[in-house]
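Text of the file start07.txt, holding compact mmCIF, C-alpha atoms:
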# COMPACT_ATOMS: atom_id res chain seq x y z
CA MET A 532 0.16 207.58 -0.58
CA THR A 533 1.03 210.93 -2.11
CA ILE A 534 -1.79 213.06 -3.51
CA THR A 535 -1.46 216.59 -4.80
CA SER A 536 -4.44 218.83 -5.53
CA ASP A 537 -5.27 222.50 -5.31
CA VAL A 538 -7.37 222.17 -2.15
CA ALA A 539 -7.79 219.58 0.58
CA VAL A 540 -11.22 219.51 2.21
CA ILE A 541 -11.25 217.72 5.56
CA GLY A 542 -14.70 216.43 6.41
CA ALA A 543 -17.30 214.91 4.06
CA GLY A 544 -20.38 216.18 5.83
CA ILE A 545 -22.78 218.54 4.12
CA ILE A 546 -20.46 221.57 4.60
CA GLY A 547 -17.32 219.87 3.36
CA LEU A 548 -19.11 218.43 0.34
CA SER A 549 -20.72 221.81 -0.40
CA ALA A 550 -17.32 223.47 -0.22
CA ALA A 551 -15.81 220.84 -2.52
CA HIS A 552 -18.64 221.36 -5.02
CA ALA A 553 -18.17 225.13 -4.96
CA LEU A 554 -14.39 224.83 -5.28
CA GLN A 555 -14.70 222.48 -8.24
CA ALA A 556 -17.03 224.98 -9.89
CA THR A 557 -14.15 227.50 -9.84
CA GLY A 558 -11.91 225.04 -11.72
CA LEU A 559 -9.81 223.99 -8.74
CA SER A 560 -8.92 220.36 -8.11
CA VAL A 561 -10.12 219.05 -4.75
CA THR A 562 -9.36 216.12 -2.47
CA VAL A 563 -11.88 215.34 0.29
CA TYR A 564 -10.82 213.40 3.39
CA ASP A 565 -13.11 211.67 5.85
CA SER A 566 -12.59 208.71 8.14
CA GLY A 567 -16.19 207.56 7.74
CA THR A 568 -19.04 207.45 5.27
CA PRO A 569 -20.00 210.84 3.78
CA GLY A 570 -22.65 212.50 5.91
CA ALA A 571 -22.28 210.08 8.83
CA GLY A 572 -21.09 212.62 11.42
CA GLN A 573 -22.92 215.80 12.37
CA SER A 574 -24.81 215.61 9.07
CA THR A 575 -26.38 212.25 9.87
CA GLY A 576 -30.10 211.46 9.70
CA PRO A 577 -32.75 211.24 6.94
CA SER A 578 -34.06 214.82 7.16
CA ARG A 579 -33.25 218.29 8.46
CA LEU A 580 -35.13 221.56 8.77
CA PHE A 581 -34.80 224.35 6.28
CA ARG A 582 -36.08 227.58 7.85
CA HIS A 583 -35.76 231.31 7.30
CA ALA A 584 -36.47 232.58 10.84
CA HIS A 585 -33.37 233.60 12.82
CA ASP A 586 -32.50 236.08 15.53
CA ASP A 587 -29.74 237.55 13.36
CA VAL A 588 -31.30 239.17 10.28
CA ARG A 589 -28.08 238.51 8.35
CA MET A 590 -28.88 234.82 8.66
CA ILE A 591 -32.25 235.48 7.04
CA ASP A 592 -30.51 236.98 4.02
CA LEU A 593 -28.26 233.92 3.83
CA ALA A 594 -31.24 231.59 4.15
CA VAL A 595 -32.95 233.29 1.19
CA ARG A 596 -29.79 232.79 -0.86
CA ALA A 597 -29.44 229.22 0.38
CA ARG A 598 -33.02 228.37 -0.60
CA THR A 599 -32.30 229.50 -4.15
CA LEU A 600 -29.14 227.41 -4.23
CA TRP A 601 -30.96 224.36 -2.87
CA ASP A 602 -33.44 224.75 -5.73
CA ASN A 603 -30.55 225.08 -8.19
CA TRP A 604 -29.02 221.90 -6.80
CA SER A 605 -32.37 220.12 -7.14
CA ASP A 606 -32.36 221.02 -10.83
CA GLU A 607 -28.70 220.07 -11.25
CA PHE A 608 -29.03 216.70 -9.51
CA GLY A 609 -32.49 215.89 -10.84
CA THR A 610 -34.16 215.33 -7.47
CA GLU A 611 -36.04 217.44 -4.91
CA LEU A 612 -33.72 218.32 -2.06
CA VAL A 613 -36.04 220.55 0.01
CA SER A 614 -39.74 219.86 0.31
CA GLY A 615 -42.27 222.61 -0.35
CA ASP A 616 -44.22 221.77 2.79
CA GLY A 617 -43.26 224.83 4.84
CA ALA A 618 -42.68 225.11 8.58
CA VAL A 619 -44.91 225.79 11.57
CA ALA A 620 -43.39 227.61 14.54
CA LEU A 621 -45.07 227.91 17.94
CA GLY A 622 -44.55 230.33 20.81
CA ASP A 623 -43.63 233.94 21.55
CA THR A 624 -40.05 233.53 20.33
CA ALA A 625 -41.34 232.30 16.97
CA ALA A 626 -43.65 235.30 16.68
CA ARG A 627 -40.76 237.67 17.43
CA ARG A 628 -38.42 235.98 14.97
CA PHE A 629 -41.02 236.22 12.22
CA ILE A 630 -41.31 240.02 12.47
CA PRO A 631 -38.30 240.77 10.21
CA LEU A 632 -39.43 238.08 7.79
CA GLY A 633 -42.65 239.94 7.11
CA GLY A 634 -40.85 242.73 5.27
CA HIS A 635 -38.26 240.54 3.59
CA PRO A 636 -38.68 239.66 -0.09
CA ASN A 637 -39.07 236.00 -0.99
CA THR A 638 -40.01 234.88 2.52
CA PRO A 639 -43.81 234.62 2.59
CA VAL A 640 -44.86 234.13 6.22
CA ARG A 641 -48.11 234.55 8.10
CA ALA A 642 -49.69 234.11 11.50
CA LEU A 643 -51.94 231.08 11.89
CA ASP A 644 -55.28 230.91 13.63
CA ALA A 645 -56.38 227.69 15.32
CA ASP A 646 -58.27 226.39 12.29
CA GLU A 647 -55.44 226.87 9.81
CA LEU A 648 -52.91 225.46 12.28
CA ARG A 649 -55.05 222.32 12.63
CA SER A 650 -55.32 222.06 8.85
CA LEU A 651 -51.59 222.45 8.27
CA MET A 652 -50.45 220.32 11.22
CA PRO A 653 -53.13 217.68 11.89
CA LEU A 654 -50.65 215.69 14.00
CA LEU A 655 -50.60 218.42 16.67
CA ALA A 656 -52.64 218.38 19.87
CA GLU A 657 -54.91 221.29 20.78
CA TYR A 658 -52.82 224.44 21.10
CA GLU A 659 -53.59 228.02 22.02
CA GLY A 660 -50.88 230.57 21.46
CA PRO A 661 -48.84 232.30 18.77
CA ALA A 662 -48.30 230.19 15.65
CA MET A 663 -46.53 231.19 12.45
CA PHE A 664 -46.06 229.60 9.03
CA ASP A 665 -43.04 229.92 6.74
CA GLU A 666 -44.22 228.90 3.26
CA ARG A 667 -40.76 228.52 1.71
CA ALA A 668 -39.38 226.37 4.50
CA GLY A 669 -39.32 222.59 4.25
CA ALA A 670 -37.62 219.33 5.11
CA ILE A 671 -34.18 218.80 3.59
CA ARG A 672 -33.74 215.40 1.95
CA THR A 673 -30.37 214.79 3.58
CA HIS A 674 -29.46 211.43 2.04
CA ALA A 675 -30.27 212.70 -1.45
CA ALA A 676 -28.17 215.83 -0.90
CA ILE A 677 -25.18 214.00 0.56
CA GLY A 678 -25.35 211.32 -2.12
CA ALA A 679 -25.52 213.80 -4.99
CA LEU A 680 -22.66 215.94 -3.70
CA ALA A 681 -20.49 212.92 -2.87
CA GLY A 682 -21.11 211.69 -6.40
CA LYS A 683 -19.73 214.95 -7.77
CA VAL A 684 -16.56 214.48 -5.71
CA GLY A 685 -16.23 210.93 -7.01
CA GLY A 686 -12.73 209.47 -6.85
CA SER A 687 -11.42 212.55 -5.06
CA LEU A 688 -12.91 211.26 -1.78
CA ILE A 689 -10.27 209.60 0.43
CA ASN A 690 -11.54 207.40 3.26
CA ASP A 691 -8.84 208.08 5.84
CA HIS A 692 -8.32 209.88 9.14
CA VAL A 693 -6.45 213.20 9.09
CA LEU A 694 -4.02 213.53 11.99
CA SER A 695 -2.47 216.89 11.14
CA THR A 696 -2.05 219.68 8.65
CA ARG A 697 1.15 221.69 8.30
CA PRO A 698 2.01 224.78 6.25
CA LEU A 699 4.97 224.31 3.93
CA GLY A 700 7.59 226.88 3.13
CA THR A 701 6.56 226.73 -0.52
CA GLY A 702 3.15 228.13 0.37
CA GLY A 703 1.33 224.81 0.25
CA VAL A 704 -0.14 222.68 3.02
CA GLU A 705 0.86 219.17 4.03
CA VAL A 706 -1.86 216.77 5.15
CA ARG A 707 -0.88 213.69 7.16
CA THR A 708 -3.37 210.83 7.33
CA GLY A 709 -3.27 207.30 8.68
CA ALA A 710 -2.09 206.01 5.31
CA GLY A 711 0.29 208.69 4.09
CA VAL A 712 1.22 212.27 3.32
CA SER A 713 -0.15 214.62 0.66
CA THR A 714 0.34 218.22 -0.37
CA HIS A 715 -2.20 220.83 -1.42
CA GLY A 716 -2.31 224.50 -2.22
CA ALA A 717 -4.79 225.19 0.59
CA VAL A 718 -6.84 223.30 3.16
CA VAL A 719 -10.46 223.73 4.24
CA VAL A 720 -11.42 222.05 7.52
CA CYS A 721 -15.09 221.21 8.15
CA ALA A 722 -14.51 218.27 10.48
CA GLY A 723 -17.14 218.90 13.15
CA GLN A 724 -15.79 218.17 16.61
CA GLY A 725 -12.35 217.52 15.10
CA THR A 726 -12.01 221.02 13.64
CA ALA A 727 -10.89 222.75 16.85
CA GLY A 728 -8.04 220.26 17.33
CA LEU A 729 -6.70 220.74 13.81
CA ALA A 730 -7.11 224.51 14.17
CA SER A 731 -5.19 224.53 17.45
CA ALA A 732 -2.23 222.84 15.81
CA ALA A 733 -2.25 225.70 13.27
CA GLY A 734 -2.18 228.28 16.07
CA VAL A 735 -5.91 229.09 15.90
CA SER A 736 -7.98 228.98 19.08
CA VAL A 737 -11.65 228.24 18.39
CA PRO A 738 -14.02 228.91 21.34
CA VAL A 739 -16.29 226.00 20.59
CA ARG A 740 -18.45 223.98 23.00
CA VAL A 741 -18.84 220.33 22.03
CA THR A 742 -21.83 218.34 23.29
CA ALA A 743 -23.65 215.14 22.37
CA HIS A 744 -27.19 215.33 20.99
CA ALA A 745 -29.93 212.80 20.34
CA ARG A 746 -33.03 212.85 18.20
CA SER A 747 -35.58 210.14 17.60
CA SER A 748 -37.89 209.15 14.76
CA PHE A 749 -41.61 208.48 15.13
CA ARG A 750 -44.01 206.95 12.65
CA LEU A 751 -47.30 208.58 11.64
CA ARG A 752 -50.31 206.68 12.96
CA GLU A 753 -52.11 207.31 9.68
CA PRO A 754 -49.67 207.87 6.79
CA GLY A 755 -50.77 209.40 3.54
CA LEU A 756 -50.46 213.13 4.21
CA VAL A 757 -49.72 215.05 1.02
CA THR A 758 -47.80 217.70 2.96
CA LEU A 759 -46.11 217.58 6.36
CA PRO A 760 -44.53 220.86 7.52
CA ASN A 761 -41.55 221.12 9.81
CA LEU A 762 -42.32 221.95 13.42
CA GLN A 763 -40.44 224.24 15.80
CA ASP A 764 -41.99 224.49 19.24
CA GLY A 765 -40.66 227.10 21.64
CA SER A 766 -43.98 227.58 23.40
CA GLY A 767 -43.53 225.36 26.44
CA ALA A 768 -47.21 224.40 26.08
CA PHE A 769 -46.29 220.71 26.02
CA GLY A 770 -43.45 220.81 28.53
CA GLU A 771 -40.55 221.64 26.19
CA THR A 772 -39.28 224.91 24.72
CA GLY A 773 -36.73 223.82 22.12
CA VAL A 774 -38.34 221.11 20.02
CA TYR A 775 -37.78 220.65 16.29
CA ALA A 776 -39.18 218.06 13.90
CA ALA A 777 -38.72 217.36 10.18
CA ALA A 778 -40.55 214.86 8.00
CA TYR A 779 -38.94 211.88 6.32
CA PRO A 780 -38.86 212.21 2.52
CA ASP A 781 -41.82 209.82 2.16
CA ARG A 782 -43.74 211.59 4.98
CA THR A 783 -44.30 208.32 6.87
CA ALA A 784 -42.30 209.47 9.91
CA VAL A 785 -40.62 212.49 11.46
CA GLY A 786 -37.27 213.00 13.13
CA LEU A 787 -37.68 214.99 16.35
CA GLY A 788 -35.29 216.36 18.93
CA THR A 789 -35.29 218.55 22.01
CA SER A 790 -32.75 221.17 23.04
CA ASP A 791 -31.07 219.09 25.76
CA GLU A 792 -27.48 217.98 25.22
CA VAL A 793 -24.80 216.02 27.08
CA ALA A 794 -21.28 217.21 27.84
CA PRO A 795 -18.23 215.15 26.85
CA ASN A 796 -15.81 213.67 29.35
CA GLU A 797 -12.13 214.60 29.47
CA PHE A 798 -11.30 211.98 26.85
CA GLY A 799 -13.87 213.17 24.33
CA GLY A 800 -16.51 210.54 25.05
CA VAL A 801 -20.03 211.02 26.38
CA SER A 802 -19.81 211.97 30.07
CA ASP A 803 -23.16 210.50 31.09
CA PRO A 804 -24.62 207.73 28.89
CA ASN A 805 -27.73 207.61 31.08
CA LYS A 806 -28.44 211.26 30.35
CA LEU A 807 -27.99 210.70 26.61
CA ALA A 808 -30.58 207.92 26.79
CA ALA A 809 -32.86 210.21 28.81
CA VAL A 810 -32.63 212.90 26.12
CA ALA A 811 -33.94 210.39 23.59
CA ASP A 812 -36.71 209.35 25.99
CA GLN A 813 -37.61 213.01 26.43
CA ALA A 814 -38.52 213.23 22.75
CA ALA A 815 -40.96 210.33 23.14
CA THR A 816 -42.55 212.01 26.17
CA TYR A 817 -43.06 215.18 24.15
CA VAL A 818 -44.63 213.25 21.27
CA SER A 819 -47.11 211.59 23.61
CA LYS A 820 -48.27 215.02 24.81
CA ALA A 821 -47.97 217.23 21.74
CA LEU A 822 -48.29 215.02 18.67
CA PRO A 823 -51.07 212.44 19.04
CA GLY A 824 -50.84 211.86 15.29
CA LEU A 825 -47.51 210.11 15.88
CA ASP A 826 -46.87 206.77 17.54
CA PRO A 827 -44.73 207.67 20.59
CA GLU A 828 -42.70 204.47 20.29
CA PRO A 829 -39.46 205.48 18.49
CA ILE A 830 -38.57 203.66 15.29
CA GLY A 831 -35.00 204.96 15.23
CA HIS A 832 -32.44 207.19 16.89
CA VAL A 833 -29.70 209.51 15.69
CA HIS A 834 -26.83 210.54 17.96
CA CYS A 835 -24.16 213.05 17.05
CA TRP A 836 -21.79 215.64 18.43
CA VAL A 837 -22.75 219.28 18.00
CA THR A 838 -20.37 222.25 17.97
CA THR A 839 -21.71 225.53 19.32
CA LEU A 840 -20.04 228.94 19.39
CA PRO A 841 -20.51 231.20 22.43
CA TRP A 842 -22.60 233.88 20.69
CA GLY A 843 -25.56 231.64 19.84
CA ASP A 844 -26.97 228.31 18.72
CA ASP A 845 -26.96 229.52 15.10
CA GLY A 846 -23.44 230.96 15.36
CA VAL A 847 -20.98 230.21 12.57
CA ALA A 848 -17.55 231.54 11.58
CA ILE A 849 -14.49 230.78 9.48
CA TRP A 850 -11.03 231.12 11.03
CA GLN A 851 -7.96 231.58 8.82
CA ALA A 852 -4.29 230.74 9.30
CA ASP A 853 -2.37 231.56 6.13
CA ASN A 854 -3.94 229.29 3.48
CA SER A 855 -5.84 227.10 5.97
CA TYR A 856 -9.52 227.75 6.72
CA PHE A 857 -11.50 226.32 9.63
CA LEU A 858 -15.30 226.48 9.72
CA VAL A 859 -17.18 225.94 13.00
CA GLY A 860 -20.83 226.36 13.90
CA HIS A 861 -24.16 224.75 14.71
CA ASN A 862 -27.45 224.33 12.81
CA LEU A 863 -25.49 224.55 9.57
CA PHE A 864 -27.25 222.10 7.24
CA LYS A 865 -29.82 224.58 5.92
CA HIS A 866 -27.11 227.12 5.04
CA ALA A 867 -24.77 224.55 3.49
CA PRO A 868 -24.81 225.96 -0.07
CA VAL A 869 -23.88 229.49 1.02
CA LEU A 870 -21.28 228.23 3.49
CA GLY A 871 -19.72 226.20 0.70
CA GLU A 872 -19.63 229.34 -1.42
CA ALA A 873 -18.03 231.31 1.44
CA LEU A 874 -15.30 228.70 1.89
CA ALA A 875 -14.59 228.57 -1.83
CA ARG A 876 -14.39 232.35 -1.95
CA SER A 877 -12.04 232.34 1.06
CA VAL A 878 -9.66 230.06 -0.82
CA THR A 879 -9.81 231.85 -4.18
CA GLU A 880 -9.46 235.32 -2.64
CA ALA A 881 -7.03 234.19 0.10
CA THR A 882 -9.14 235.92 2.75
CA VAL A 883 -12.35 235.14 4.60
CA PRO A 884 -15.32 237.31 3.56
CA GLU A 885 -15.98 239.86 6.31
CA LEU A 886 -19.43 238.51 7.17
CA PHE A 887 -17.99 235.10 8.06
CA ARG A 888 -15.06 236.28 10.19
CA PRO A 889 -15.30 235.46 13.91
CA GLU A 890 -15.51 239.11 14.91
CA SER A 891 -18.72 239.49 12.88
CA LEU A 892 -20.56 237.18 15.33
CA LEU A 893 -22.74 235.82 12.53
CA GLY A 894 -25.79 234.06 13.96
CA LYS A 895 -25.72 236.03 17.20
CA THR A 896 -28.60 235.27 19.54
CA HIS A 897 -31.08 238.08 20.16
CA THR A 898 -29.86 240.22 23.08
CA ASP A 899 -32.85 239.43 25.27
CA GLN A 900 -31.99 235.74 24.97
CA LEU A 901 -28.41 236.05 26.20

With the file now loaded, output its structure as structure tokens.
Amino acid sequence: MTITSDVAVIGAGIIGLSAAHALQATGLSVTVYDSGTPGAGQSTGPSRLFRHAHDDVRMIDLAVRARTLWDNWSDEFGTELVSGDGAVALGDTAARRFIPLGGHPNTPVRALDADELRSLMPLLAEYEGPAMFDERAGAIRTHAAIGALAGKVGGSLINDHVLSTRPLGTGGVEVRTGAGVSTHGAVVVCAGQGTAGLASAAGVSVPVRVTAHARSSFRLREPGLVTLPNLQDGSGAFGETGVYAAAYPDRTAVGLGTSDEVAPNEFGGVSDPNKLAAVADQAATYVSKALPGLDPEPIGHVHCWVTTLPWGDDGVAIWQADNSYFLVGHNLFKHAPVLGEALARSVTEATVPELFRPESLLGKTHTDQL
């Protein structure tokens, strides 16, 4: 197999597909490589949270831009990709994060009293404490987004495993897969846990921490809600401080996870399968306490690797080695359209935009959380 295109994109998750879409929009030819089904790695699951609130105000600006692009994609693909249901956030951290949103254009947010919280989130148990609402947040329809973007890539998607990339003396990049060798003008790597290994071979050291994560899905006891906001619970009122939940597209269930993760072993597998199972069980325990409107018996589970940079859970950066670009980060789905733009711009301008360089520490956690 010999394929030549302007750019190779390694990884067909939401970031790789977004980058391919943005690169194609510039007129460049693109080849996308993935060993599995598009969206089956770190992008897996039926829904994700779109939110504006972040510790790093630069991420808020990017979220505003991303929300516009999600809406543009919805128009382009003819289907809603982000619900208009909003997001409820609980706890002191949520209240602090919402302060910069109050003065930011296009991010209508407000504090909730007990009555409005109950009206917006009838699934929630009695709660006393800070509660905020982000009107322009919503649940991302992940399968619709992945399917639409993969459709745009079409026959340029190669189902094969990439073993290595290598710069060529002619200025191009060689990509070696299980089935052959191809050449490209540049390479963009968005391969999740595999990115650091490919970067290392190019002489780039990425300080990423890889862990396994689980989230579970729970069915509504009484379906039929017209709206179902996302939930972020950092309050600790129900025994957990890092819970997130996003509705299925038909609002009959929610996908919910906690902040606990499991380290890999020395061979790249899960170090403690019992702990991974316990993380999933933890979500059901939380539901039984906090969300009586959900049946606490899980109807499904999602397990994936997550890649976190040392400066924060929302950290993201692009590393460059000549005409090879390596993107690493966590909580990326919501920012996918702007990250795709940033990768395309990196290729066309032959340099990473300053905001996305590792030294910019984009997505840095608030100093009092370090």

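Each of A:Ala553, A:Leu593, A:Val706, A:Ala543 was checked against Val718 in chain A using all atoms listed in the file; the smallest atom-to-atom distance is that of A:Val706.
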
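The environment of Lys683 in chain A within 12 Å, counting only C-alpha atoms and disregarding residues fewer than 4 places along the same chain, consists of Leu548, Ser549, Ala550, Ala551, His552, Ala553, Leu554, Gln555, Ala556, Val561, Thr562, Val563, Trp604, Glu607, Phe608, Ala676, Ile677, Gly678, Ala679, Ser687 and Leu688 of chain A.
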
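If you measure from each of A:Cys721, A:Val684, A:Leu694, A:Ala675 to Gly544 in chain A using only C-alpha atoms, the closest one turns out to be A:Cys721.
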
As a CSV table (one decimal) with C-alpha atoms, keeping the file's coordinate frame, please: the residues near Arg888 in chain A (cut-off 12 Å, only C-alpha atoms, same-chain neighbours under 4 positions excluded).
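Result saved to result-v1.csv:
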chain,number,residue,atom,x,y,z
A,737,VAL,CA,-11.6,228.2,18.4
A,846,GLY,CA,-23.4,231.0,15.4
A,847,VAL,CA,-21.0,230.2,12.6
A,848,ALA,CA,-17.6,231.5,11.6
A,849,ILE,CA,-14.5,230.8,9.5
A,850,TRP,CA,-11.0,231.1,11.0
A,851,GLN,CA,-8.0,231.6,8.8
A,856,TYR,CA,-9.5,227.8,6.7
A,857,PHE,CA,-11.5,226.3,9.6
A,858,LEU,CA,-15.3,226.5,9.7
A,859,VAL,CA,-17.2,225.9,13.0
A,873,ALA,CA,-18.0,231.3,1.4
A,874,LEU,CA,-15.3,228.7,1.9
A,877,SER,CA,-12.0,232.3,1.1
A,882,THR,CA,-9.1,235.9,2.8
A,883,VAL,CA,-12.4,235.1,4.6
A,884,PRO,CA,-15.3,237.3,3.6
A,892,LEU,CA,-20.6,237.2,15.3
A,893,LEU,CA,-22.7,235.8,12.5
A,894,GLY,CA,-25.8,234.1,14.0

Q. Quick one: residues within 9 Å of Gly770 in chain A, all atoms listed in the file counted, chain neighbours fewer than 4 positions away excluded, as a VMD selection string?
A. chain A and resid 766 817 820 to 821

Q.
With all atoms listed in the file as the counted atoms, please give the residues lying no more than 10 Å from range 807-811 of chain A, apart from itself and same-chain residues fewer than 3 positions off, as a PyMOL selection string.
A. chain A and resi 743-748+787-794+801-804+814-816+829+832-834

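Note that the spacing between CA of Ala668 in chain A and CA of Asp845 in chain A amounts to 16.6 Å.
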
Q.
Could you list, as a list in words, every residue within 10 Å of Asp623 in chain A, counting only C-alpha atoms and ignoring same-chain residues fewer than 6 positions away?
A. Phe629, Gly660, Pro661, Ala662, Met663, Asp764, Gly765, Ser766 and Gly767 of chain A

**Q.** Length of the CA of Ile545 in chain A to CA of Asp812 in chain A vector [Å]
**A.** 27.5 Å

**Q.** Coordinates-based distance that separates CA of His635 in chain A from CA of Asp586 in chain A (Å, one decimal)
**A.** 14.0 Å

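Comparing A:Leu648, A:Val712, A:Ala733, A:Leu759 by their smallest distance to Tyr779 in chain A, the closest is A:Leu759 (using only C-alpha atoms).
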
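Distances from A:Leu580, A:Val735, A:Val588, A:Val693 to Pro889 in chain A were compared using all atoms listed in the file, and the smallest one belongs to A:Val735.
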
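For the choices A:Gly786, A:Gly843, A:Pro760, A:Gly669, the atom-to-atom distance to Val613 in chain A is smallest for A:Gly669 when using all atoms listed in the file.
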
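Using all atoms listed in the file for every distance, the candidate list A:Leu825, A:Leu651, A:Val719, A:Ala732 yields A:Val719 as the residue closest to Thr879 in chain A.
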
Might I get the box with edges along x, y and z of the file that holds all atoms of range 701-716 of chain A listed there, padded by 6 Å on every side, given as centre and edge lengths in Å to one decimal, as lines of an AutoDock Vina configuration file?
center_x = 1.6
center_y = 217.1
center_z = 3.2
size_x = 21.9
size_y = 34.1
size_z = 22.9
